[in-house]
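Q: If it helps, the file is called input-v4.txt and holds compact mmCIF, C-alpha atoms:
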```txt
# COMPACT_ATOMS: atom_id res chain seq x y z
CA MET A 1 -28.60 13.49 38.38
CA LYS A 2 -30.54 10.44 39.47
CA ARG A 3 -34.17 11.43 39.93
CA PHE A 4 -36.34 9.56 42.39
CA ALA A 5 -39.64 10.41 40.70
CA PRO A 6 -39.75 7.58 38.09
CA PHE A 7 -38.53 5.08 40.70
CA LEU A 8 -41.21 6.16 43.14
CA ALA A 9 -43.77 6.02 40.38
CA ALA A 10 -42.81 2.44 39.65
CA ALA A 11 -43.36 1.61 43.30
CA ALA A 12 -46.89 2.94 43.45
CA LEU A 13 -48.33 4.13 40.16
CA ALA A 14 -51.21 1.76 40.83
CA ALA A 15 -51.96 3.61 44.05
CA HIS A 16 -53.39 6.36 41.87
CA GLY A 17 -57.04 5.95 41.13
CA VAL A 18 -59.08 6.66 38.06
CA ARG A 19 -61.15 9.82 38.35
CA GLY A 20 -64.51 8.88 39.90
CA GLU A 21 -63.21 5.60 41.37
CA GLU A 22 -63.80 4.80 45.05
CA LEU A 23 -60.64 3.91 47.00
CA PRO A 24 -59.63 3.76 50.68
CA LEU A 25 -58.79 7.12 52.24
CA TRP A 26 -55.37 5.72 53.18
CA GLU A 27 -53.30 2.60 52.52
CA VAL A 28 -49.99 1.33 53.92
CA GLY A 29 -47.91 -1.42 52.38
CA ILE A 30 -44.54 -2.86 51.43
CA GLY A 31 -43.04 -4.13 48.22
CA VAL A 32 -39.96 -4.67 46.10
CA ALA A 33 -38.65 -2.71 43.12
CA GLY A 34 -35.99 -3.24 40.48
CA ILE A 35 -34.57 -0.16 38.77
CA SER A 36 -31.76 0.73 36.39
CA PHE A 37 -30.60 4.33 35.92
CA PRO A 38 -27.48 6.42 35.22
CA ASP A 39 -25.46 8.15 37.93
CA TYR A 40 -26.78 11.48 36.63
CA ARG A 41 -28.17 12.83 33.36
CA GLY A 42 -25.35 12.58 30.83
CA SER A 43 -23.38 9.95 32.75
CA SER A 44 -22.23 6.73 31.06
CA ASN A 45 -22.37 4.82 34.37
CA GLN A 46 -25.56 2.75 34.60
CA ARG A 47 -26.50 1.02 37.85
CA THR A 48 -29.16 -1.58 38.65
CA TYR A 49 -30.71 -2.10 42.07
CA VAL A 50 -33.30 -4.40 43.65
CA LEU A 51 -34.67 -2.72 46.76
CA PRO A 52 -37.49 -3.04 49.29
CA VAL A 53 -39.89 -0.10 49.09
CA PRO A 54 -42.56 1.14 51.48
CA MET A 55 -45.93 2.20 50.10
CA PHE A 56 -48.15 4.88 51.58
CA ALA A 57 -51.18 6.52 49.98
CA TYR A 58 -53.47 9.21 51.38
CA ARG A 59 -56.34 10.63 49.33
CA GLY A 60 -57.75 13.64 51.17
CA ASP A 61 -59.44 16.59 49.51
CA TYR A 62 -56.50 18.93 50.05
CA LEU A 63 -53.68 16.61 51.09
CA GLN A 64 -52.66 13.69 48.90
CA ALA A 65 -49.58 11.55 49.22
CA ASP A 66 -48.10 8.40 47.75
CA ARG A 67 -44.74 7.03 46.62
CA GLU A 68 -44.84 9.16 43.47
CA ARG A 69 -45.52 12.54 45.01
CA PHE A 70 -46.78 14.59 47.91
CA ARG A 71 -49.49 17.10 47.04
CA GLY A 72 -50.75 19.88 49.20
CA VAL A 73 -53.58 21.32 47.11
CA LEU A 74 -53.41 25.12 47.34
CA PHE A 75 -56.21 25.90 44.88
CA ARG A 76 -58.67 23.79 42.91
CA SER A 77 -61.33 24.32 40.26
CA GLU A 78 -62.85 21.96 37.72
CA ARG A 79 -60.07 22.39 35.13
CA PHE A 80 -57.24 24.00 37.08
CA ASP A 81 -55.44 23.42 40.37
CA VAL A 82 -52.21 24.41 42.09
CA ASP A 83 -50.42 22.08 44.48
CA LEU A 84 -47.18 21.86 46.43
CA SER A 85 -45.11 18.97 45.14
CA LEU A 86 -41.75 17.31 45.76
CA ASN A 87 -38.97 15.66 43.79
CA ALA A 88 -35.56 14.30 44.78
CA SER A 89 -32.28 12.80 43.63
CA VAL A 90 -30.00 10.31 45.34
CA PRO A 91 -26.27 10.76 46.17
CA VAL A 92 -23.46 9.97 43.74
CA SER A 93 -20.05 8.83 45.00
CA SER A 94 -17.26 10.26 42.87
CA ASP A 95 -15.10 7.25 43.79
CA ASP A 96 -17.49 5.06 41.79
CA ASP A 97 -17.68 7.37 38.75
CA THR A 98 -14.55 7.59 36.59
CA VAL A 99 -15.28 10.97 35.03
CA ARG A 100 -15.85 12.53 38.49
CA ALA A 101 -12.84 10.85 40.16
CA GLY A 102 -11.22 13.15 42.71
CA MET A 103 -14.15 15.57 42.78
CA PRO A 104 -16.58 16.06 45.69
CA ASP A 105 -19.44 13.60 45.94
CA LEU A 106 -22.91 14.75 44.91
CA ASP A 107 -25.21 14.96 47.93
CA PRO A 108 -28.87 13.95 47.61
CA THR A 109 -31.16 16.82 46.66
CA LEU A 110 -34.72 17.72 47.57
CA GLU A 111 -36.93 19.85 45.32
CA VAL A 112 -39.96 21.68 46.71
CA GLY A 113 -42.30 24.05 44.92
CA PRO A 114 -45.71 24.74 43.38
CA THR A 115 -47.14 22.99 40.34
CA ALA A 116 -49.94 24.42 38.23
CA ASN A 117 -52.06 21.66 36.63
CA ILE A 118 -54.37 22.48 33.72
CA ARG A 119 -56.77 19.80 32.49
CA LEU A 120 -56.91 20.22 28.72
CA THR A 121 -59.09 17.24 27.80
CA HIS A 122 -60.97 14.59 29.79
CA THR A 123 -63.06 11.60 28.66
CA SER A 124 -63.94 8.24 30.16
CA ARG A 125 -60.82 6.79 28.49
CA TYR A 126 -58.14 9.45 28.76
CA THR A 127 -57.09 12.70 30.44
CA LEU A 128 -54.59 15.21 29.06
CA ARG A 129 -53.01 17.75 31.41
CA LEU A 130 -50.44 20.51 31.16
CA ARG A 131 -48.27 20.55 34.28
CA LEU A 132 -46.05 23.50 35.18
CA PRO A 133 -43.83 22.69 38.20
CA VAL A 134 -41.26 25.16 39.52
CA ARG A 135 -39.15 23.97 42.45
CA ALA A 136 -36.36 25.26 44.68
CA VAL A 137 -33.56 22.73 45.19
CA ILE A 138 -31.51 22.02 48.30
CA ALA A 139 -28.60 19.60 48.66
CA THR A 140 -27.85 18.00 51.99
CA ASP A 141 -25.67 15.31 53.54
CA LEU A 142 -27.80 15.58 56.74
CA ARG A 143 -24.99 17.58 58.39
CA SER A 144 -25.34 20.73 56.28
CA VAL A 145 -27.86 22.15 53.83
CA ASP A 146 -26.95 24.14 50.72
CA GLY A 147 -29.08 25.82 48.10
CA ALA A 148 -28.77 24.17 44.68
CA GLY A 149 -30.78 26.50 42.48
CA VAL A 150 -34.21 26.41 40.88
CA VAL A 151 -35.66 24.00 38.31
CA ALA A 152 -38.74 24.03 36.06
CA ASN A 153 -40.25 21.16 34.09
CA PRO A 154 -43.26 22.11 31.94
CA ASN A 155 -44.77 18.91 30.55
CA LEU A 156 -47.78 17.30 28.96
CA ASN A 157 -49.22 14.34 30.89
CA LEU A 158 -51.57 11.90 29.12
CA ASP A 159 -53.29 9.21 31.23
CA VAL A 160 -55.07 6.42 29.34
CA ARG A 161 -57.43 3.92 30.97
CA LEU A 162 -57.15 0.56 29.21
CA ASP A 163 -59.44 -2.47 29.32
CA GLY A 164 -58.90 -4.77 32.27
CA GLY A 165 -58.05 -1.98 34.71
CA TRP A 166 -54.63 -1.17 33.30
CA LYS A 167 -53.47 2.46 33.28
CA LEU A 168 -51.02 3.77 30.69
CA GLY A 169 -49.28 7.11 31.13
CA PHE A 170 -47.18 9.32 28.86
CA VAL A 171 -45.17 12.36 29.97
CA ALA A 172 -43.22 14.61 27.60
CA GLY A 173 -41.60 17.86 28.60
CA ALA A 174 -38.61 20.18 28.68
CA LEU A 175 -36.34 20.87 31.64
CA PHE A 176 -34.89 24.24 32.65
CA ALA A 177 -32.66 25.27 35.55
CA ASP A 178 -30.63 28.24 36.71
CA ARG A 179 -26.83 28.43 36.68
CA ARG A 180 -26.56 27.36 40.31
CA ASN A 181 -28.40 24.09 39.70
CA HIS A 182 -26.49 23.25 36.53
CA GLY A 183 -23.27 24.18 38.28
CA TYR A 184 -23.96 21.80 41.16
CA PHE A 185 -24.00 18.83 38.79
CA TYR A 186 -21.80 19.89 35.87
CA ASP A 187 -19.20 22.46 37.03
CA VAL A 188 -15.52 21.49 37.18
CA ALA A 189 -13.68 23.82 39.57
CA PRO A 190 -10.10 24.77 38.55
CA GLU A 191 -8.61 22.74 41.40
CA PHE A 192 -10.24 19.58 40.01
CA ALA A 193 -9.27 20.19 36.37
CA ARG A 194 -6.95 17.75 34.59
CA PRO A 195 -5.91 17.26 30.94
CA ASP A 196 -8.98 15.18 30.09
CA ARG A 197 -11.32 17.23 32.34
CA PRO A 198 -10.85 20.98 31.84
CA ALA A 199 -12.35 23.55 34.19
CA TYR A 200 -15.95 24.39 33.31
CA ASP A 201 -18.68 26.77 34.50
CA ALA A 202 -22.17 25.65 33.47
CA PRO A 203 -24.61 28.39 32.41
CA GLY A 204 -28.29 28.29 33.27
CA GLY A 205 -31.07 27.70 30.77
CA TYR A 206 -32.37 24.71 28.85
CA SER A 207 -31.58 21.34 30.49
CA GLY A 208 -32.85 18.94 27.83
CA ALA A 209 -36.04 16.93 27.44
CA GLN A 210 -37.64 13.91 29.09
CA PHE A 211 -40.09 11.30 27.83
CA ILE A 212 -41.66 8.84 30.27
CA VAL A 213 -44.02 5.89 29.70
CA THR A 214 -45.70 4.18 32.67
CA LEU A 215 -47.99 1.17 33.01
CA SER A 216 -49.77 0.05 36.18
CA LYS A 217 -52.66 -1.95 37.60
CA ARG A 218 -54.28 -2.76 40.93
CA PHE A 219 -55.08 -6.37 41.85
CA GLY A 220 -57.04 -5.89 45.07
CA PRO A 221 -54.41 -5.11 47.74
CA TRP A 222 -51.61 -5.73 45.22
CA PHE A 223 -50.16 -3.07 42.92
CA VAL A 224 -47.81 -3.46 39.97
CA GLY A 225 -46.23 -0.56 38.14
CA GLY A 226 -43.37 0.10 35.78
CA PHE A 227 -41.80 2.88 33.77
CA VAL A 228 -39.29 3.66 31.03
CA LYS A 229 -37.71 7.13 30.88
CA HIS A 230 -35.68 8.58 28.02
CA ASP A 231 -33.56 11.70 28.67
CA LEU A 232 -32.24 13.83 25.81
CA LEU A 233 -29.47 16.38 26.47
CA ASN A 234 -29.01 17.67 22.92
CA GLY A 235 -28.86 21.46 23.07
CA ALA A 236 -28.69 21.58 26.88
CA ALA A 237 -26.90 24.63 28.27
CA PHE A 238 -24.34 22.38 30.02
CA GLU A 239 -23.82 20.01 27.07
CA ALA A 240 -20.17 21.11 26.75
CA SER A 241 -19.33 20.06 30.33
CA PRO A 242 -16.59 17.40 30.45
CA LEU A 243 -18.84 15.56 32.93
CA VAL A 244 -21.41 14.95 30.16
CA GLU A 245 -20.43 11.69 28.48
CA ARG A 246 -23.68 10.91 26.65
CA SER A 247 -26.35 12.96 24.91
CA SER A 248 -29.12 10.57 26.02
CA ASN A 249 -29.92 8.19 28.87
CA VAL A 250 -32.52 5.52 29.51
CA ALA A 251 -33.84 4.53 32.94
CA ALA A 252 -36.39 1.81 33.67
CA GLY A 253 -37.98 0.12 36.66
CA ILE A 254 -40.74 -2.14 37.88
CA ALA A 255 -42.24 -2.64 41.33
CA VAL A 256 -44.81 -4.79 43.10
CA THR A 257 -46.35 -3.65 46.39
CA TRP A 258 -48.87 -5.13 48.82
CA ALA A 259 -51.17 -2.93 50.90
CA PHE A 260 -51.45 -4.77 54.23
CA ALA A 261 -53.52 -2.04 55.94
CA ARG A 262 -56.18 0.35 54.67
CA SER A 263 -58.92 2.56 56.04
CA GLU A 264 -62.53 1.45 56.05
CA LYS A 265 -63.53 4.91 54.86
CA ARG A 266 -63.56 5.21 51.10
CA VAL A 267 -63.35 8.38 49.01
CA VAL A 268 -64.06 9.25 45.40
CA VAL A 269 -60.86 10.04 43.49
CA ARG A 270 -61.00 13.52 41.98
CA ASP A 271 -57.66 13.49 40.13
```
Could you write out this structure as structure tokens?

A:
Amino acid sequence: MKRFAPFLAAAALAAHGVRGEELPLWEVGIGVAGISFPDYRGSSNQRTYVLPVPMFAYRGDYLQADRERFRGVLFRSERFDVDLSLNASVPVSSDDDTVRAGMPDLDPTLEVGPTANIRLTHTSRYTLRLRLPVRAVIATDLRSVDGAGVVANPNLNLDVRLDGGWKLGFVAGALFADRRNHGYFYDVAPEFARPDRPAYDAPGGYSGAQFIVTLSKRFGPWFVGGFVKHDLLNGAAFEASPLVERSSNVAAGIAVTWAFARSEKRVVVRD
């Protein structure tokens, strides 16, 4: 599936501050992003878009929001916190995807759930965290809402502060999901089977691995951010689905945003 998270990160990675940095409590802006990604993980269809993107950042003690994520901090200590976070995917039209031709379109999905964040190491130059998100998934076309399973994405997140104000990020982790989630994307119901696309029921379990590299910087009210994401599906529970055409995918994007309004109040970034 197409995941919004890297795209959103490209739009506002620079909205994140370095721990201890003073930034406005809130900022509002606009920008443009270019992104290339597959229709869904395992698809051979790659699409490229240039889109306008809004930018919003809020840096409260217990509520934080930007184009990468929404965080409602449920618990916090010096090395450990739990927050409520979001993820999403965009719709896929089966008319535009040869391997899914004749099948129902994929509706956009929204993922909501808690994430446990454990700070393993922190210095003036880098921070290493273990993140443990677990999210419930819903699919909706805005006329109806359907449950689409549960996903988990344990990952290691390394943030590096470079000279000149640049921030470099690395994320590496595994993906897991239940049968309902895998089935939403990779099942082929008997009525949609054909000689080159046999019926298939996807089991739950391992969903593959992801590796993401990000780079960003603030230039006053201007932000620039980019990412490259590599997905590996080798060994995934649904690897045998006839809808899986590739064992790996690459997505990439870059965005520039301008904050045209910001609060006079400034806060010290804690995370």

Q: Counting only C-alpha atoms, which of A:Ala148, A:Arg143, A:Pro108, A:Val160 gets nearest to Arg129 (chain A)?

A: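 Counting only C-alpha atoms, the residue closest to Arg129 (chain A) is A:Val160.
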
Q: So the first atom is CA of Val150 (chain A) and the second is CA of Pro203 (chain A); what is the distance between them in Å, to one decimal place?

A: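 Separation of CA of Val150 (chain A) and CA of Pro203 (chain A): 13.0 Å.
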
Q: When you draw a straight line from CA of Pro195 (chain A) to CA of Val99 (chain A), how long is it in Å?

A: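 CA of Pro195 (chain A) sits 12.0 Å away from CA of Val99 (chain A).
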
Q: From the set A:Ala259, A:Leu243, A:Leu110, A:Ala101, which residue has the shortest atom-to-atom contact distance to Val188 (chain A), counting all atoms listed in the file?

A: A:Leu243

Q: Pick out the residues sitting within 12 Å of Leu168 (chain A), and hand them over as a CSV table (one decimal) with C-alpha atoms, in the coordinates of the input; count all atoms listed in the file, and ignore anything fewer than 3 positions along from it in its own chain.

A:
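What ended up in result.csv:
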```csv
chain,number,residue,atom,x,y,z
A,13,LEU,CA,-48.3,4.1,40.2
A,14,ALA,CA,-51.2,1.8,40.8
A,16,HIS,CA,-53.4,6.4,41.9
A,18,VAL,CA,-59.1,6.7,38.1
A,125,ARG,CA,-60.8,6.8,28.5
A,126,TYR,CA,-58.1,9.4,28.8
A,127,THR,CA,-57.1,12.7,30.4
A,157,ASN,CA,-49.2,14.3,30.9
A,158,LEU,CA,-51.6,11.9,29.1
A,159,ASP,CA,-53.3,9.2,31.2
A,160,VAL,CA,-55.1,6.4,29.3
A,161,ARG,CA,-57.4,3.9,31.0
A,162,LEU,CA,-57.2,0.6,29.2
A,163,ASP,CA,-59.4,-2.5,29.3
A,164,GLY,CA,-58.9,-4.8,32.3
A,165,GLY,CA,-58.0,-2.0,34.7
A,171,VAL,CA,-45.2,12.4,30.0
A,212,ILE,CA,-41.7,8.8,30.3
A,213,VAL,CA,-44.0,5.9,29.7
A,214,THR,CA,-45.7,4.2,32.7
A,215,LEU,CA,-48.0,1.2,33.0
A,216,SER,CA,-49.8,0.0,36.2
A,217,LYS,CA,-52.7,-2.0,37.6
A,225,GLY,CA,-46.2,-0.6,38.1
A,226,GLY,CA,-43.4,0.1,35.8
A,227,PHE,CA,-41.8,2.9,33.8
A,228,VAL,CA,-39.3,3.7,31.0
```

Q: So which one's closest to Leu175 (chain A), A:Asp97, A:Asp141, A:Asp231, A:Glu191? Using only C-alpha atoms, please.

A: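 Answer, going by the shortest atom-to-atom distance: A:Asp231.
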
Q: Given all atoms listed in the file as the basis, pick out the residue of A:Thr48, A:Val32, A:Gly204, A:Arg59 nearest to Arg266 (chain A).

A: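 Residue with the minimum atom-to-atom distance to Arg266 (chain A): A:Arg59.
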
Q: Between A:Leu84, A:Val50, A:Leu120, A:Leu233, single out the one closest to Gln210 (chain A), counting only C-alpha atoms.

A: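 Nearest candidate to Gln210 (chain A) out of A:Leu84, A:Val50, A:Leu120, A:Leu233: A:Leu233.
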
Q: Taking 6 positions as the minimum chain separation for residues in the same chain, which residues sit within 7 Å of Val256 (chain A) when counting all atoms listed in the file? Answer as a PyMOL selection string.

A: chain A and resi 11+31-33+223-225

Q: Those residues with C-alpha atoms, as a compact mmCIF listing (two decimals), in the coordinates of the input please?

A:
```txt
# COMPACT_ATOMS: atom_id res chain seq x y z
CA ALA A 11 -43.36 1.61 43.30
CA GLY A 31 -43.04 -4.13 48.22
CA VAL A 32 -39.96 -4.67 46.10
CA ALA A 33 -38.65 -2.71 43.12
CA PHE A 223 -50.16 -3.07 42.92
CA VAL A 224 -47.81 -3.46 39.97
CA GLY A 225 -46.23 -0.56 38.14
```

Q: Quick one: of A:Ala240, A:Ala261, A:Val28, A:Leu232, who's nearest to His182 (chain A), counting only C-alpha atoms?

A: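 Smallest separation from His182 (chain A) among the options: A:Ala240.
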
Q: Need to verify the contact set: Gly173 (chain A), 8 Å, only C-alpha atoms, exclusion of same-chain residues closer than 5 positions in sequence. Can you return it as a CSV table (one decimal) with C-alpha atoms, keeping the file's coordinate frame?

A:
```csv
chain,number,residue,atom,x,y,z
A,153,ASN,CA,-40.2,21.2,34.1
A,154,PRO,CA,-43.3,22.1,31.9
A,155,ASN,CA,-44.8,18.9,30.6
A,156,LEU,CA,-47.8,17.3,29.0
A,209,ALA,CA,-36.0,16.9,27.4
A,210,GLN,CA,-37.6,13.9,29.1
A,211,PHE,CA,-40.1,11.3,27.8
```

Q: Can I get C-alpha atoms for region 120-204 of chain A, as a CSV table (one decimal), in the first residue's frame?

A:
```csv
chain,number,residue,atom,x,y,z
A,120,LEU,CA,18.5,4.1,24.1
A,121,THR,CA,21.3,6.6,23.6
A,122,HIS,CA,21.5,10.4,23.5
A,123,THR,CA,24.4,12.8,22.9
A,124,SER,CA,24.8,16.3,21.5
A,125,ARG,CA,25.2,14.7,18.1
A,126,TYR,CA,22.8,11.8,17.9
A,127,THR,CA,19.8,10.1,19.5
A,128,LEU,CA,18.9,6.4,19.1
A,129,ARG,CA,15.4,5.3,19.9
A,130,LEU,CA,13.4,2.1,19.8
A,131,ARG,CA,9.9,2.7,18.7
A,132,LEU,CA,7.1,0.2,19.1
A,133,PRO,CA,3.9,1.4,17.3
A,134,VAL,CA,0.8,-0.8,17.2
A,135,ARG,CA,-2.2,0.6,15.3
A,136,ALA,CA,-5.7,-0.4,14.3
A,137,VAL,CA,-6.5,0.2,10.7
A,138,ILE,CA,-9.8,1.4,9.1
A,139,ALA,CA,-10.5,1.8,5.4
A,140,THR,CA,-13.0,4.4,4.2
A,141,ASP,CA,-14.3,5.9,1.0
A,142,LEU,CA,-16.1,8.6,3.1
A,143,ARG,CA,-19.4,6.8,2.6
A,144,SER,CA,-18.6,3.7,4.7
A,145,VAL,CA,-16.0,2.7,7.2
A,146,ASP,CA,-14.6,-0.9,7.4
A,147,GLY,CA,-12.1,-2.4,9.8
A,148,ALA,CA,-8.8,-3.4,8.0
A,149,GLY,CA,-6.9,-5.2,10.8
A,150,VAL,CA,-4.0,-4.3,13.0
A,151,VAL,CA,-0.4,-3.5,12.2
A,152,ALA,CA,2.8,-3.3,14.2
A,153,ASN,CA,6.1,-1.7,13.1
A,154,PRO,CA,8.9,-2.1,15.7
A,155,ASN,CA,11.9,0.0,14.5
A,156,LEU,CA,15.1,1.6,15.5
A,157,ASN,CA,15.3,5.4,14.8
A,158,LEU,CA,18.7,7.2,14.7
A,159,ASP,CA,18.7,11.0,14.5
A,160,VAL,CA,22.0,12.6,13.7
A,161,ARG,CA,22.7,16.4,14.0
A,162,LEU,CA,25.2,17.4,11.3
A,163,ASP,CA,27.2,20.6,11.0
A,164,GLY,CA,25.4,23.6,9.5
A,165,GLY,CA,22.0,22.7,11.0
A,166,TRP,CA,21.3,19.7,8.8
A,167,LYS,CA,19.5,16.7,10.4
A,168,LEU,CA,20.0,13.1,9.1
A,169,GLY,CA,17.7,10.3,10.1
A,170,PHE,CA,17.8,6.5,9.7
A,171,VAL,CA,14.9,4.2,10.4
A,172,ALA,CA,15.1,0.4,10.2
A,173,GLY,CA,12.4,-2.0,11.2
A,174,ALA,CA,10.1,-5.0,10.6
A,175,LEU,CA,6.4,-4.9,9.7
A,176,PHE,CA,3.8,-7.2,11.0
A,177,ALA,CA,0.0,-7.4,10.4
A,178,ASP,CA,-2.9,-9.7,11.1
A,179,ARG,CA,-4.7,-11.7,8.4
A,180,ARG,CA,-7.4,-9.1,7.9
A,181,ASN,CA,-4.9,-6.3,7.0
A,182,HIS,CA,-2.9,-8.5,4.7
A,183,GLY,CA,-6.2,-9.8,3.1
A,184,TYR,CA,-7.3,-6.2,2.4
A,185,PHE,CA,-4.3,-5.6,0.2
A,186,TYR,CA,-3.3,-9.0,-1.1
A,187,ASP,CA,-6.4,-11.3,-1.2
A,188,VAL,CA,-7.9,-12.4,-4.5
A,189,ALA,CA,-11.5,-13.5,-4.0
A,190,PRO,CA,-12.6,-16.5,-6.2
A,191,GLU,CA,-14.9,-14.3,-8.2
A,192,PHE,CA,-11.9,-12.2,-9.3
A,193,ALA,CA,-9.6,-15.1,-10.1
A,194,ARG,CA,-8.4,-15.7,-13.6
A,195,PRO,CA,-5.7,-17.9,-15.2
A,196,ASP,CA,-2.9,-15.5,-14.4
A,197,ARG,CA,-4.3,-14.4,-11.0
A,198,PRO,CA,-5.5,-17.4,-9.0
A,199,ALA,CA,-7.6,-17.0,-5.9
A,200,TYR,CA,-5.6,-16.3,-2.8
A,201,ASP,CA,-6.1,-15.9,1.0
A,202,ALA,CA,-3.3,-14.0,2.7
A,203,PRO,CA,-2.2,-15.2,6.2
A,204,GLY,CA,-1.2,-12.8,8.9
```
